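Trainee: This is the structure I want to talk about, given as structure tokens.
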Amino acid sequence: MDADPVAADVTDERPIGVAIVDDHPVVIDGVRAWLASEPRLRVLATGDDPDVVLRAAPEAEVVLLDLRLHGRMMFDKLAELSAAGRRVVVYSEHSDPDTMLAALDAGAVAFLAKHEGREHCVATVLAAASNRPYVPPALAGAMVGDPRPDRPTLSDKEREALLLWFQSMSKASVARRMRISEHTVKQYVDRARIKYTRAGRPAATKAALLARAIEDGLVRPEEIGIYRSQAATDRPTP
Amino acid sequence: MTTDLGPRAPAGPTHRLAPIPAPGGPAAPGAVGAATAVATASDRAARIAALTIALAWHLAIDLPALPGAGSSPAASAVVAAAWLVTAAVGVVAGVRLLRGGLPPARRLVAVLLVVDAAVFAAVGGGHLFAGANWAWGGLVWFFLLVLWRRPVGWLLAVLGAHASIALAAVLASGATAPADLARYAMYVYGVSSLPVAVFVGGAAIAALARDRAGTAAATLAVEAERVAAERAQAERRARLSLVSGTAEEVLAALAAGDADPADPEVRRRCVLAAARLRRLIAESDDVPDPLLHELRAAADLAERNGLPIELVAVGVPPELPVEIRRRLADPLTAALTDARDRARLTVVAGPDEVVVSLVTPDHDGPDGSGPPDSAGDADGDGRVEHVHERDGEIRWTQTRWRRT
């Protein structure tokens, strides 16, 4: 698949700590098995209550959060964790576009549909740990079909890359189709995602994603309408 | 005879039946037509009644009065001519009304007021209050006819003009004694009240009929919507039971140990059942969209032939003409027929763009979807592009409509 091994920052010895919050033990076991295949990841704590899980493993760098716990949608908890700087990867069977975009707005670093499989799951968690975006196909579909009037303005290339990625689930095919390199496809997709850090309320995680994207040269501050560094704050951008 | 109001009066054929204003607020859009039909039917009866009254009055009361009218032979001739003109106005207005239109009010009112003045002048002082002055009571019914369905203010204004003409004639004949004026007032009141009552009553009955018909139609529309929703739900439920049936079978076989998870056939059944369930769960549209419906049907068919297929739709397609929908869906359904292993069908829709795509693993077989007409066809509703390509890894069919 197109799981990009976000290698640069995670080659050091210490594995990335992950916490899994889900109310179905079978899902926890499944995700744990997925992540176990990746030596750079280590599951530190699991459970069905985010507060309990994070008390048990406060050092967890990434939280995999099932959006629906015991019949309740966890948007408030998600916003609270994101505001506090927790990198939350939402994964849910609720993969309708509205829910995905709402999760991004609330500060989720990434959204993963439960059916999207191991490669996307591992890639998303690895990217999240280094404050880098990862856009699985379902999320790309939600972004390209975003009907909200205040949606971020995407360039034609960004839209096309998102659309083709959503359709084909193969960055190599998108690259051939757009006659650009796979790397450039990923850049377009990630840039679109970074533009979404300005949607919804500010959160520490959004600021971190944005800061990292600027640092990596993925976007220039002026490209997304930011004229001074917002790297260390989560002030709402003008 | 004057027709100087002509240019401002709308031409005949444009006097179609004006919609009666709905007093009960807006009705359901689909209900308006039915309500109008009911109101029209009920109004037609009122038109016939008004026409009958006017013509019967003119024949039974005004006509016998003619011989005694007129202070001189010339005046008698004027009165007789006026009677004929009035009868002609009645016929013109009557024909219009019975055909569902409205008479040209301004012109006919002008004619009637001229007749009014001529008759009052011709009958002379002696007969002003006599039966011979048929203009008193006879003309008001014709006012009613020519002003049919116009604002009631118009009728009151014309009746006011009628009363003024009468007053001028009364004063001109020197009948200024209190008894004369009282008699005048009695006449004005007597001849005006009944037509006004008929006019207002008729309009009210028509409005009521429309209101009631509107309510009935709205009720029917709601009922129809409910039935449609119930049918959609029943359909979905039926498919769910079918799908969960196959899923249960696989699960039961796995649980009982009859099926081996390592068996590719068992895995395939699992994949199929899961894909089917997922598609069903993804059907969130309450009002089934025709494009999605077509694609879903094609997906169901392909799946029945054993192809695990994923259908993901983002956004709501706008209302598209059948031709555009066909061009969007047909290349995909054709490509589905030679899909192998698995298929991913996606729809991304916005108000100005709809993109449908099918991605399947590439295989050595020939392309079954025919040559792509990627040139598209430009027409009034925008064009549909069709792209088909294979890159050794996947076969990719995409159709895209953009509003132009």
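Residues are referred to by chain and number: the chain letter is A, B, ... according to the order shown in the structure tokens, the number counts from 1 in that chain, and ligands are numbered separately from 1 in the order shown.
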Given a cut-off of 12 Å, which residues of chain A touch chain B, counting only C-alpha atoms, written out as a PyMOL selection string?

Mentor: chain A and resi 1+93-98+100+113-116+137-149+159-160+162-177

Trainee: Do a neighbour search on Leu277 (chain B) at 10 Å with only C-alpha atoms, toss out local chain neighbours closer than 2 positions, and write the hits as number ranges by chain.

Mentor: B: 239-240, 242-244, 246-247, 271-275, 279-282

Trainee: Can you write out the residues you just picked, keeping C-alpha atoms, as a CSV table (one decimal), in the first residue's frame?

Mentor:
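Listing of selection_33.csv after writing:
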chain,number,residue,atom,x,y,z
B,239,ARG,CA,-32.1,-6.4,2.0
B,240,LEU,CA,-30.7,-6.3,5.5
B,242,LEU,CA,-31.0,-11.1,3.2
B,243,VAL,CA,-27.5,-9.8,3.9
B,244,SER,CA,-27.4,-10.7,7.6
B,246,THR,CA,-25.6,-14.8,4.6
B,247,ALA,CA,-23.4,-13.2,7.2
B,271,VAL,CA,-15.4,-10.6,2.4
B,272,LEU,CA,-18.6,-10.7,0.4
B,273,ALA,CA,-20.9,-10.6,3.4
B,274,ALA,CA,-18.9,-7.8,5.0
B,275,ALA,CA,-18.8,-5.7,1.9
B,279,ARG,CA,-22.7,-0.9,1.8
B,280,LEU,CA,-26.1,-1.3,3.4
B,281,ILE,CA,-24.9,0.7,6.4
B,282,ALA,CA,-23.5,3.4,4.2

Trainee: So that I can check the surroundings of Leu54 (chain A), please list as an mmCIF file with N, CA and C atoms, in the first residue's frame every protein, DNA and RNA residue that reaches within 8 Å of it, counting only C-alpha atoms and ignoring chain neighbours fewer than 5 positions away.

Mentor:
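Dumped to part.cif:
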data_model
loop_
_atom_site.group_PDB
_atom_site.id
_atom_site.type_symbol
_atom_site.label_atom_id
_atom_site.label_comp_id
_atom_site.auth_asym_id
_atom_site.auth_seq_id
_atom_site.Cartn_x
_atom_site.Cartn_y
_atom_site.Cartn_z
ATOM 1 N N ALA A 19 -1.559 4.599 23.099
ATOM 2 C CA ALA A 19 -2.673 4.184 23.966
ATOM 3 C C ALA A 19 -3.883 3.912 23.083
ATOM 4 N N ALA A 45 -0.998 1.216 26.905
ATOM 5 C CA ALA A 45 -2.184 1.013 27.742
ATOM 6 C C ALA A 45 -3.404 0.905 26.845
ATOM 7 N N ALA A 60 2.121 8.326 26.776
ATOM 8 C CA ALA A 60 1.732 7.876 25.434
ATOM 9 C C ALA A 60 1.793 9.054 24.457
#

Trainee: Could you pull out all residues of region 30-210 of chain A with a DSSP call of strand (DSSP E or B) and give them as an MDAnalysis selection string?

Mentor: chainID A and resid 41:47 62:66 68:69 72:73 87:92 110:113

Trainee: List the spatial neighbours of Glu303 (chain B) as a PyMOL selection string - criterion: any atom at most 12 Å away, only C-alpha atoms, same-chain residues fewer than 3 positions off excluded.

Mentor: chain B and resi 243+268-269+271-277+279+296-300+306-311+336-337+339-344

Trainee: Since we have the selection now, will you write its residues out, keeping C-alpha atoms, as an mmCIF file, in the first residue's frame?

Mentor:
data_model
loop_
_atom_site.group_PDB
_atom_site.id
_atom_site.type_symbol
_atom_site.label_atom_id
_atom_site.label_comp_id
_atom_site.auth_asym_id
_atom_site.auth_seq_id
_atom_site.Cartn_x
_atom_site.Cartn_y
_atom_site.Cartn_z
ATOM 1 C CA VAL B 243 -27.487 -9.824 3.919
ATOM 2 C CA ARG B 268 -14.268 -14.986 0.164
ATOM 3 C CA ARG B 269 -17.714 -15.505 1.649
ATOM 4 C CA VAL B 271 -15.429 -10.640 2.441
ATOM 5 C CA LEU B 272 -18.610 -10.653 0.390
ATOM 6 C CA ALA B 273 -20.890 -10.584 3.416
ATOM 7 C CA ALA B 274 -18.873 -7.816 5.035
ATOM 8 C CA ALA B 275 -18.827 -5.706 1.890
ATOM 9 C CA ARG B 276 -22.564 -6.114 1.542
ATOM 10 C CA LEU B 277 -23.238 -5.131 5.147
ATOM 11 C CA ARG B 279 -22.717 -0.920 1.759
ATOM 12 C CA ARG B 296 -26.075 0.521 -6.181
ATOM 13 C CA ALA B 297 -28.159 -1.721 -8.391
ATOM 14 C CA ALA B 298 -25.135 -2.381 -10.616
ATOM 15 C CA ALA B 299 -23.022 -3.085 -7.549
ATOM 16 C CA ASP B 300 -25.622 -5.517 -6.188
ATOM 17 C CA GLY B 306 -19.306 -13.091 -6.530
ATOM 18 C CA LEU B 307 -17.373 -9.842 -6.800
ATOM 19 C CA PRO B 308 -16.685 -8.117 -3.474
ATOM 20 C CA ILE B 309 -17.467 -4.508 -4.145
ATOM 21 C CA GLU B 310 -17.135 -1.396 -2.095
ATOM 22 C CA LEU B 311 -19.350 1.580 -2.869
ATOM 23 C CA LEU B 336 -17.995 -3.704 -13.644
ATOM 24 C CA THR B 337 -18.852 -6.624 -15.876
ATOM 25 C CA ALA B 339 -13.957 -6.630 -12.936
ATOM 26 C CA ARG B 340 -12.077 -9.376 -11.138
ATOM 27 C CA ASP B 341 -11.224 -10.008 -7.475
ATOM 28 C CA ARG B 342 -12.592 -6.792 -6.029
ATOM 29 C CA ALA B 343 -13.901 -3.410 -7.025
ATOM 30 C CA ARG B 344 -14.073 0.022 -5.507
#

Trainee: Give me the residues within 9 Å of region 319-328 of chain B as an MDAnalysis selection string, counting only C-alpha atoms and dropping any in the same chain fewer than 6 places off.

Mentor: chainID B and resid 289:291 294 351 354:356 381:386 398:401

Trainee: Convert the current residue selection to file output with C-alpha atoms, as an mmCIF file, in the first residue's frame.

Mentor:
data_model
loop_
_atom_site.group_PDB
_atom_site.id
_atom_site.type_symbol
_atom_site.label_atom_id
_atom_site.label_comp_id
_atom_site.auth_asym_id
_atom_site.auth_seq_id
_atom_site.Cartn_x
_atom_site.Cartn_y
_atom_site.Cartn_z
ATOM 1 C CA ASP B 289 -30.849 9.600 -5.366
ATOM 2 C CA PRO B 290 -31.394 8.155 -8.849
ATOM 3 C CA LEU B 291 -27.676 8.100 -9.734
ATOM 4 C CA GLU B 294 -28.421 2.983 -10.406
ATOM 5 C CA PRO B 351 -23.666 20.982 -6.726
ATOM 6 C CA VAL B 354 -20.075 14.734 -9.952
ATOM 7 C CA VAL B 355 -17.230 12.247 -10.335
ATOM 8 C CA VAL B 356 -17.865 8.527 -10.461
ATOM 9 C CA ASP B 381 -26.342 20.808 -18.820
ATOM 10 C CA GLY B 382 -22.615 20.520 -18.973
ATOM 11 C CA ARG B 383 -20.387 17.773 -20.291
ATOM 12 C CA VAL B 384 -19.450 14.330 -19.122
ATOM 13 C CA GLU B 385 -15.859 13.187 -19.449
ATOM 14 C CA HIS B 386 -15.042 9.550 -19.567
ATOM 15 C CA GLN B 398 -13.843 7.514 -14.302
ATOM 16 C CA THR B 399 -16.702 9.667 -15.492
ATOM 17 C CA ARG B 400 -16.935 13.270 -14.527
ATOM 18 C CA TRP B 401 -19.702 15.782 -15.038
#

Trainee: I need the residues in region 91-306 of chain B that are alpha helix (DSSP H) according to DSSP; give them as number ranges by chain.

Mentor: B: 91-98, 105-123, 135-146, 152-172, 178-256, 264-282, 290-304

Trainee: Find the residues around Trp134 (chain B) up to 10 Å (only C-alpha atoms counted), leave out those fewer than 2 positions away in its own chain, and share them as a list in words.

Mentor: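 In the requested form, the answer reads Trp57, His58, Ile61, Asp62, Leu63, Pro64, Ala65, Leu66, Ala69, Val79, Trp83, Asp116, Val119, Phe120, Val123, Leu128, Phe129, Ala130, Gly131, Ala132, Trp136, Gly137, Gly138 and Leu139 of chain B.
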
Trainee: Leaving out Asp29 (chain A) and any residue of its chain fewer than 6 positions from it, which residues lie within 12 Å of it when counting only C-alpha atoms, given as a short mmCIF file (atom, residue, chain, number, x, y, z; two decimals) with C-alpha atoms, in the first residue's frame?

Mentor:
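Listed below is the output, out-v8.cif:
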data_model
loop_
_atom_site.label_atom_id
_atom_site.label_comp_id
_atom_site.auth_asym_id
_atom_site.auth_seq_id
_atom_site.Cartn_x
_atom_site.Cartn_y
_atom_site.Cartn_z
CA ILE A 20 -5.77 2.48 22.59
CA VAL A 21 -9.22 3.48 23.77
CA ASP A 22 -12.09 1.32 22.58
CA ASP A 23 -15.07 -0.30 24.22
CA LEU A 35 0.64 -2.30 15.69
CA ALA A 36 2.76 -5.18 16.99
CA VAL A 43 1.15 -0.22 22.98
CA ALA A 45 -2.18 1.01 27.74
CA THR A 46 -5.66 0.05 26.58
CA GLY A 47 -9.16 0.44 27.94
#

Trainee: Report, in Å with one decimal, the straight-line distance from CA of Ala50 (chain B) to CA of Ala161 (chain B).

Mentor: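 About the pair CA of Ala50 (chain B) and CA of Ala161 (chain B): they are 21.2 Å apart.
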